[in-house]
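J.: Below is the structure I would like to discuss, written out as structure tokens.
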Amino acid sequence: KQVHLQVLTSLMDTKRLAPSEGYAALVPSLQRILKAESNLPVVTEAAKCVGLMARGLRKEFERPAKQLLPVALARINDKSVWKPSILIEPVEQLLWSVPFEFFLDEIQPHVLSKSVFVKKEAIGLLLRTLDLPSVKQACPDVAQRFLAPLASIVLPVLEDSDNGVRHEAAKFLAALVFANLSSAEVGPVVFDRIPAHRSNVFEEEWRKVAKDEPCPLAGRQREPASHAPPAAGTTTGRSASAMRSRTGSQQPSGDAGDSTAPGARGGRPTSPLRAPTPRGGARHASPLQRAGAATAR
């Protein structure tokens with residue numbers, strides 16, 4: 001198998017290939033090798049064939065490339081084959097044929113993998129793709145056009161338990177922000193979603209990426225939460241019920257009877273000849289009034 005694959009790679013090692021149905025016929029066999037082959041030289045030659053076909057056929061190889069990319073990425077957890085000389089370079093060459101959106105959908109589960117090795121390798125691959133000639137040719141403004149999707153994929157990894165993964169994620173975000181310094185979307189899309197306790201990691205990676213450029217996150221001030229003034233009629237510092245209980249203990253309730261007549265409240269004593277008027281509205285004569293009425297009769 002290795003010898004036959006070497007002959008095949010030598011024939012396809014050119015910048016451009018003429019479209020032919022024969023390339024699609026090779027895909028099922030190459031797919032099986034990439035998926036389950038344990039012989040490293042055979043995997044190396046098969047992966048090289050895949051990369052050369054993608055580079056030479058470009059968009060003519062899109063449909064087979066969409067079948068091969070997930071199979072190759074599935075072996076990202078295998079350290080024996082996930083190396084630049086075996087699978088990494090051919091996977092990057094597949095981007096000559098597949099749309100960048102398709103690549104993002106396929107790489108996202110690996111960025112959020114449970115494996116520390118897989119997460120670091122997936123983020124590193126995602127970072128390298130932003131500068132690949134294949135991606136730049138198809139989408140020159142890839143970092144600007146895909147700012148929000150790229151940030152959404154990597155931002156959750158800033159909270160990873162592994163320090164190396166967090167730094168890899170911060171490195172990617174720093175490079176993404178550096179490519180979008182003039183964009184107004186950087187704030188809401190990236191800065192507002194970076195946890196405050198991870199800002200130091202971002203600033204450290206920013207210094208490596210941007211050199212002397214000031215870190216925009218360091219000078220960004222978060223607006224404090226506004227506090228509404230107390231509503232009219234409410235008390236501050238003390239509850240209204242407590243105030244009412246204190247004032248109520250000093251002033252007896254009107255239902256219990258008021259020993260002071262209404263006239264006395266203004267500072268003037270009530271005449272003893274005038275009895276207080278009951279709540280019912282009817283006025284009863286006092287003893288002195290009754291005696292004066294009898295004398296007049």
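Ordered as shown in the structure tokens, chains take letters A, B, and onward, while each chain numbers its residues from 1 and ligands are numbered from 1 in the order shown.
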Can you tell me, as a PyMOL selection string, what residues are no more than 12 Å from Pro133 (chain A) when counting only C-alpha atoms, ignoring any on the same chain fewer than 3 positions away?
T.: chain A and resi 55+92-96+128-130+136-140+142
J.: For Arg198 (chain A), work out the shell of residues within 10 Å, counting only C-alpha atoms and skipping chain neighbours fewer than 4 positions away, then give it as number ranges by chain.
T.: A: 158-159, 166-167, 170, 194, 202-203
J.: Rank nothing, just name the residue among A:Leu104, A:Ala65, A:Ala74, A:Cys49 nearest to Val118 (chain A), using only C-alpha atoms.
T.: A:Ala74
J.: Give me, as CSV, the closest atom pair and its distance (Å, one decimal) for every residue of region 70-176 of chain A within a cut-off of 9 Å of region 209-214 of chain A, counting only C-alpha atoms, rows sorted by chain and rising number.
T.:
```
residue,atom,partner,partner_atom,distance
A:Lys171,CA,A:Val209,CA,7.6
A:Ala174,CA,A:Val209,CA,6.8
A:Ala175,CA,A:Val209,CA,6.3
```
J.: Would you kindly return, as a list in words, each protein, DNA or RNA residue with an atom no farther than 9 Å from any atom of region 21-27 of chain A, considering only C-alpha atoms and excluding same-chain residues fewer than 6 positions away?
T.: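 Listing them by chain and then by number gives Val50, Met53, Phe61, Arg63, Pro64, Ala65, Gln67 and Leu68 of chain A.
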J.: Keeping only N, CA, C and O atoms, write the selected residues as a compact mmCIF listing (two decimals), in the first residue's frame.
T.:
```
# COMPACT_ATOMS: atom_id res chain seq x y z
N VAL A 50 -4.32 13.08 -0.01
CA VAL A 50 -5.51 13.90 0.25
C VAL A 50 -5.18 15.38 0.15
O VAL A 50 -5.90 16.17 -0.49
N MET A 53 -4.43 16.48 -3.53
CA MET A 53 -5.64 16.57 -4.35
C MET A 53 -6.42 17.85 -4.02
O MET A 53 -6.94 18.51 -4.91
N PHE A 61 -12.72 19.80 -5.75
CA PHE A 61 -12.58 18.69 -4.81
C PHE A 61 -13.40 18.94 -3.54
O PHE A 61 -13.23 18.26 -2.54
N ARG A 63 -16.60 18.47 -2.55
CA ARG A 63 -17.45 17.41 -2.01
C ARG A 63 -16.64 16.29 -1.37
O ARG A 63 -16.92 15.89 -0.23
N PRO A 64 -15.61 15.72 -2.03
CA PRO A 64 -14.79 14.70 -1.36
C PRO A 64 -14.06 15.26 -0.13
O PRO A 64 -13.88 14.55 0.87
N ALA A 65 -13.64 16.53 -0.20
CA ALA A 65 -12.93 17.12 0.93
C ALA A 65 -13.83 17.20 2.16
O ALA A 65 -13.35 17.02 3.31
N GLN A 67 -15.97 15.09 2.99
CA GLN A 67 -16.04 13.74 3.56
C GLN A 67 -14.75 13.38 4.29
O GLN A 67 -14.78 12.68 5.30
N LEU A 68 -13.62 13.90 3.82
CA LEU A 68 -12.33 13.52 4.38
C LEU A 68 -11.94 14.35 5.61
O LEU A 68 -11.26 13.85 6.50
```
J.: So that I can check the surroundings of region 123-127 of chain A, please list as a list in words every protein, DNA and RNA residue that reaches within 8 Å of it, counting only C-alpha atoms and ignoring chain neighbours fewer than 2 positions away.
T.: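 So, after excluding close chain neighbours, the residues are Ile107, Val111, Lys119, Lys120, Glu121, Thr129, Leu130, Asp131, Val154, Glu168, Ala169 and Phe172 of chain A.
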J.: Which residues, written as a PyMOL selection string, have at least one atom at most 12 Å from Ala36 (chain A), with only C-alpha atoms counted and residues fewer than 5 positions away on the same chain left out?
T.: chain A and resi 29-31+42-43+46+71-72+74-75+78+81
J.: Check region 9-245 of chain A with DSSP on the backbone and list each residue it calls alpha helix (DSSP H), as a ChimeraX atom specification.
T.: /A:9-12,21-36,40-57,62-73,89-93,100-111,116-129,133-138,142-145,147-154,163-178,186-189,199-210,240-245
J.: List as a list in words the protein and nucleic acid residues near region 182-185 of chain A, meaning an atom at most 9 Å away when only C-alpha atoms are counted, but skip any in the same chain fewer than 4 places from it.
T.: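 Those residues are Gln144, Leu147, Ala148, Val177, Phe178, Val189 and Val190 of chain A.
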J.: Just to be explicit: take each residue in the selection above, keep N, CA, C and O atoms, and write the result as a PDB file, in the first residue's frame.
T.:
```pdb
ATOM      1  N   GLN A 144     -12.030  39.396  10.261  1.00  0.00           N
ATOM      2  CA  GLN A 144     -13.078  40.400  10.468  1.00  0.00           C
ATOM      3  C   GLN A 144     -14.459  39.815  10.192  1.00  0.00           C
ATOM      4  O   GLN A 144     -15.409  40.060  10.943  1.00  0.00           O
ATOM      5  N   LEU A 147     -15.444  37.244  13.021  1.00  0.00           N
ATOM      6  CA  LEU A 147     -15.069  37.666  14.377  1.00  0.00           C
ATOM      7  C   LEU A 147     -15.966  37.028  15.435  1.00  0.00           C
ATOM      8  O   LEU A 147     -15.487  36.414  16.399  1.00  0.00           O
ATOM      9  N   ALA A 148     -17.263  37.184  15.287  1.00  0.00           N
ATOM     10  CA  ALA A 148     -18.195  36.676  16.300  1.00  0.00           C
ATOM     11  C   ALA A 148     -18.169  35.148  16.400  1.00  0.00           C
ATOM     12  O   ALA A 148     -18.080  34.608  17.513  1.00  0.00           O
ATOM     13  N   VAL A 177      -8.298  39.888  18.309  1.00  0.00           N
ATOM     14  CA  VAL A 177      -8.546  41.303  18.616  1.00  0.00           C
ATOM     15  C   VAL A 177      -7.557  42.195  17.880  1.00  0.00           C
ATOM     16  O   VAL A 177      -7.918  43.264  17.365  1.00  0.00           O
ATOM     17  N   PHE A 178      -6.300  41.769  17.812  1.00  0.00           N
ATOM     18  CA  PHE A 178      -5.275  42.560  17.136  1.00  0.00           C
ATOM     19  C   PHE A 178      -5.623  42.758  15.658  1.00  0.00           C
ATOM     20  O   PHE A 178      -5.339  43.806  15.075  1.00  0.00           O
ATOM     21  N   VAL A 189     -18.324  41.824  21.493  1.00  0.00           N
ATOM     22  CA  VAL A 189     -18.128  40.438  21.069  1.00  0.00           C
ATOM     23  C   VAL A 189     -17.046  39.735  21.880  1.00  0.00           C
ATOM     24  O   VAL A 189     -17.169  38.551  22.193  1.00  0.00           O
ATOM     25  N   VAL A 190     -15.998  40.475  22.278  1.00  0.00           N
ATOM     26  CA  VAL A 190     -14.870  39.845  22.967  1.00  0.00           C
ATOM     27  C   VAL A 190     -14.696  40.381  24.387  1.00  0.00           C
ATOM     28  O   VAL A 190     -14.804  39.636  25.367  1.00  0.00           O
TER      29      VAL A 190
END
```
J.: Which residue, A:Lys15, A:Lys48, A:Arg193, A:Lys79, has the smallest gap to Leu155 (chain A) when you use only C-alpha atoms?
T.: A:Arg193
J.: I need the residue nearest Asp13 (chain A) from this list: A:Gly56, A:Pro28, A:Pro84, A:Pro41. Use only C-alpha atoms for the distance.
T.: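 Looking at the shortest contact to Asp13 (chain A), the residue is A:Gly56.
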J.: Distance CA of Lys208 (chain A)-CA of Leu181 (chain A), one decimal place?
T.: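 CA of Lys208 (chain A) sits 15.9 Å away from CA of Leu181 (chain A).
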